[in-house]
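I have placed the structure first, in the form of structure tokens, so that the comments after it can refer back to it.
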Amino acid sequence: VDAGLANFYFPSGKDVYYDDFKSSWESCIEKNVNLCEKSKNKCGECVVLKNLDYKNDEIVLENICNFDCNLENWEIKDEGRKKFIFPKFSLNKKSDVKIIVGNQTNSEDVLYWRDESYVLTKTGDTLFLRDKEKKLVLWKSY
């Protein structure tokens, strides 16, 4: 984890080792290596996490910049193996997109994370957002 070769993962929820692994991940972020390497995409500074609702499996991302951001092939991942890859999609300037677990039809401001019954573990998890080059845009643990 410290070398950025893996993210920390607690399938049964946070345990006595959680703080040590999280500290290793934060050290990796400071080193800016491998999985911890920060995005150089101009939209990496624009797209922020506005809301993370693990109870309802909803994620809201906001573009805080004054230009549109192409998110095609960006990905959201949890600590485990669940991954959402953005379809051809542009997040308009100063707007939001909601990502919801479900199999409905995508719209301009709602995208559906298909073929999963849940994504965000109720006992604690981490969300990772990566650009199309697989560089880290943001991460949030709860």
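For the structure tokens, the naming scheme is as follows: chains receive sequential letters (A, B, ...) according to their order of presentation, residues are indexed from 1 within each chain, and ligands are indexed from 1 in presentation order.
Non-sequential neighbours of Gly44 of chain A (distance at most 10 Å, separation of 2 or more positions within a chain, only C-alpha atoms) are Lys38, Ser39, Lys40, Asn41, Lys42, Cys46, Val47, Val48, Asn63, Cys69, Leu129, Arg130, Asp131, Lys135, Leu136, Val137 and Leu138 of chain A.
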Pull C-alpha atoms from the residues just selected and write them as a PDB file, in the first residue's frame.
ATOM      1  CA  LYS A  38      -2.308  12.378  -9.011  1.00  0.00           C
ATOM      2  CA  SER A  39      -4.092  13.149 -12.257  1.00  0.00           C
ATOM      3  CA  LYS A  40      -2.510  15.732 -14.543  1.00  0.00           C
ATOM      4  CA  ASN A  41      -5.742  16.083 -16.510  1.00  0.00           C
ATOM      5  CA  LYS A  42      -7.006  19.681 -16.305  1.00  0.00           C
ATOM      6  CA  CYS A  46     -12.441  20.512 -11.492  1.00  0.00           C
ATOM      7  CA  VAL A  47     -14.339  17.350 -10.645  1.00  0.00           C
ATOM      8  CA  VAL A  48     -15.083  17.118  -6.933  1.00  0.00           C
ATOM      9  CA  ASN A  63     -17.649  20.198 -12.070  1.00  0.00           C
ATOM     10  CA  CYS A  69     -15.023  18.064 -18.670  1.00  0.00           C
ATOM     11  CA  LEU A 129     -12.088   8.376  -8.947  1.00  0.00           C
ATOM     12  CA  ARG A 130      -9.497   7.994 -11.713  1.00  0.00           C
ATOM     13  CA  ASP A 131      -9.078   9.738 -15.054  1.00  0.00           C
ATOM     14  CA  LYS A 135      -4.400   8.553 -12.435  1.00  0.00           C
ATOM     15  CA  LEU A 136      -6.036   9.471  -9.136  1.00  0.00           C
ATOM     16  CA  VAL A 137      -8.456  12.391  -9.182  1.00  0.00           C
ATOM     17  CA  LEU A 138      -9.915  11.918  -5.703  1.00  0.00           C
TER      18      LEU A 138
END
(message) So that I can see what lies close to segment 12-14 of chain A, please list as number ranges by chain the residues with an atom at most 8 Å from it, counting only C-alpha atoms and leaving out residues fewer than 2 positions away in the same chain.
(response) A: 10, 16-18, 121, 123-125
(request) Between A:Val1, A:Val119, A:Ala6, A:Ile85, single out the one closest to Asp57 of chain A, counting only C-alpha atoms. (result) A:Val119
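Our summary of the geometry notes that atom CA of Lys134 of chain A is positioned 26.3 Å from atom CA of Asn56 of chain A.
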(request) Output as an MDAnalysis selection string all residues of chain A that backbone DSSP marks as strand (DSSP E or B). (result) chainID A and resid 38 47:53 58:63 69:70 75:77 83:85 90:91 96:101 110:113 126:130 136:141
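Distance annotation: of A:Leu49, A:Ala3, A:Ile64, A:Cys28, the residue with the minimal separation from Ser95 of chain A is A:Ile64; atom set is only C-alpha atoms.
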(message) I need the residue nearest Glu133 of chain A from this list: A:Glu116, A:Glu37, A:Asp78, A:Glu108. Use only C-alpha atoms for the distance.
(response) A:Glu37
(request) Could you pull out the residues in chain A that DSSP calls helix (DSSP H, G or I) from the backbone, as a PyMOL selection string? (result) chain A and resi 18-31+34-36+42-45
Go ahead and save the picked residues with N, CA and C atoms, as a PDB file, in the first residue's frame.
ATOM      1  N   TYR A  18      -6.985  -0.940  10.356  1.00  0.00           N
ATOM      2  CA  TYR A  18      -7.452   0.070   9.410  1.00  0.00           C
ATOM      3  C   TYR A  18      -6.597   1.335   9.438  1.00  0.00           C
ATOM      4  N   ASP A  19      -6.353   1.889  10.610  1.00  0.00           N
ATOM      5  CA  ASP A  19      -5.601   3.143  10.711  1.00  0.00           C
ATOM      6  C   ASP A  19      -4.195   3.004  10.145  1.00  0.00           C
ATOM      7  N   ASP A  20      -3.548   1.861  10.357  1.00  0.00           N
ATOM      8  CA  ASP A  20      -2.205   1.636   9.811  1.00  0.00           C
ATOM      9  C   ASP A  20      -2.229   1.608   8.286  1.00  0.00           C
ATOM     10  N   PHE A  21      -3.193   0.907   7.723  1.00  0.00           N
ATOM     11  CA  PHE A  21      -3.280   0.833   6.263  1.00  0.00           C
ATOM     12  C   PHE A  21      -3.663   2.181   5.659  1.00  0.00           C
ATOM     13  N   LYS A  22      -4.558   2.906   6.320  1.00  0.00           N
ATOM     14  CA  LYS A  22      -4.939   4.230   5.825  1.00  0.00           C
ATOM     15  C   LYS A  22      -3.740   5.163   5.881  1.00  0.00           C
ATOM     16  N   SER A  23      -2.952   5.082   6.933  1.00  0.00           N
ATOM     17  CA  SER A  23      -1.740   5.892   7.056  1.00  0.00           C
ATOM     18  C   SER A  23      -0.751   5.563   5.935  1.00  0.00           C
ATOM     19  N   SER A  24      -0.624   4.287   5.606  1.00  0.00           N
ATOM     20  CA  SER A  24       0.250   3.881   4.500  1.00  0.00           C
ATOM     21  C   SER A  24      -0.246   4.458   3.183  1.00  0.00           C
ATOM     22  N   TRP A  25      -1.561   4.445   2.986  1.00  0.00           N
ATOM     23  CA  TRP A  25      -2.138   5.013   1.763  1.00  0.00           C
ATOM     24  C   TRP A  25      -1.863   6.518   1.702  1.00  0.00           C
ATOM     25  N   GLU A  26      -2.037   7.219   2.804  1.00  0.00           N
ATOM     26  CA  GLU A  26      -1.784   8.660   2.835  1.00  0.00           C
ATOM     27  C   GLU A  26      -0.319   8.964   2.564  1.00  0.00           C
ATOM     28  N   SER A  27       0.585   8.118   3.041  1.00  0.00           N
ATOM     29  CA  SER A  27       2.011   8.261   2.740  1.00  0.00           C
ATOM     30  C   SER A  27       2.254   8.095   1.245  1.00  0.00           C
ATOM     31  N   CYS A  28       1.589   7.138   0.653  1.00  0.00           N
ATOM     32  CA  CYS A  28       1.690   6.909  -0.788  1.00  0.00           C
ATOM     33  C   CYS A  28       1.206   8.139  -1.563  1.00  0.00           C
ATOM     34  N   ILE A  29       0.109   8.727  -1.117  1.00  0.00           N
ATOM     35  CA  ILE A  29      -0.427   9.935  -1.759  1.00  0.00           C
ATOM     36  C   ILE A  29       0.629  11.037  -1.741  1.00  0.00           C
ATOM     37  N   GLU A  30       1.299  11.212  -0.620  1.00  0.00           N
ATOM     38  CA  GLU A  30       2.355  12.224  -0.514  1.00  0.00           C
ATOM     39  C   GLU A  30       3.501  11.937  -1.474  1.00  0.00           C
ATOM     40  N   LYS A  31       3.828  10.654  -1.669  1.00  0.00           N
ATOM     41  CA  LYS A  31       4.912  10.261  -2.580  1.00  0.00           C
ATOM     42  C   LYS A  31       4.507  10.376  -4.048  1.00  0.00           C
ATOM     43  N   ASN A  34       2.660   5.353  -8.414  1.00  0.00           N
ATOM     44  CA  ASN A  34       1.818   4.236  -8.834  1.00  0.00           C
ATOM     45  C   ASN A  34       0.333   4.550  -8.699  1.00  0.00           C
ATOM     46  N   LEU A  35      -0.425   3.748  -7.949  1.00  0.00           N
ATOM     47  CA  LEU A  35      -1.862   3.983  -7.820  1.00  0.00           C
ATOM     48  C   LEU A  35      -2.190   5.317  -7.147  1.00  0.00           C
ATOM     49  N   CYS A  36      -1.217   5.909  -6.490  1.00  0.00           N
ATOM     50  CA  CYS A  36      -1.422   7.175  -5.781  1.00  0.00           C
ATOM     51  C   CYS A  36      -1.059   8.388  -6.633  1.00  0.00           C
ATOM     52  N   LYS A  42      -6.529  18.380 -16.805  1.00  0.00           N
ATOM     53  CA  LYS A  42      -7.006  19.681 -16.305  1.00  0.00           C
ATOM     54  C   LYS A  42      -8.318  19.543 -15.540  1.00  0.00           C
ATOM     55  N   CYS A  43      -9.111  18.543 -15.871  1.00  0.00           N
ATOM     56  CA  CYS A  43     -10.374  18.333 -15.163  1.00  0.00           C
ATOM     57  C   CYS A  43     -10.181  17.633 -13.825  1.00  0.00           C
ATOM     58  N   GLY A  44      -8.982  17.150 -13.566  1.00  0.00           N
ATOM     59  CA  GLY A  44      -8.687  16.540 -12.278  1.00  0.00           C
ATOM     60  C   GLY A  44      -8.826  17.520 -11.121  1.00  0.00           C
ATOM     61  N   GLU A  45      -8.687  18.799 -11.418  1.00  0.00           N
ATOM     62  CA  GLU A  45      -8.862  19.841 -10.398  1.00  0.00           C
ATOM     63  C   GLU A  45     -10.295  20.361 -10.360  1.00  0.00           C
TER      64      GLU A  45
END
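From atom CA of Leu5 of chain A back to atom CA of Ile99 of chain A, the distance works out to 27.1 Å.
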(request) Considering only C-alpha atoms, state which residue in the set A:Arg81, A:Lys122, A:Lys94, A:Arg114 is at the smallest distance from Leu61 of chain A. (result) A:Lys94
(request) List the neighbours of Lys140 of chain A out to 8 Å using only C-alpha atoms; skip same-chain residues closer than 4 positions along the sequence, and give me the result as a VMD selection string. (result) chain A and resid 126 to 128
I need the residues from that last selection saved to file as a PDB file, in the first residue's frame (with C-alpha atoms), if you can.
ATOM      1  CA  THR A 126     -13.403   3.939   0.014  1.00  0.00           C
ATOM      2  CA  LEU A 127     -14.334   5.528  -3.289  1.00  0.00           C
ATOM      3  CA  PHE A 128     -11.590   6.203  -5.850  1.00  0.00           C
TER       4      PHE A 128
END
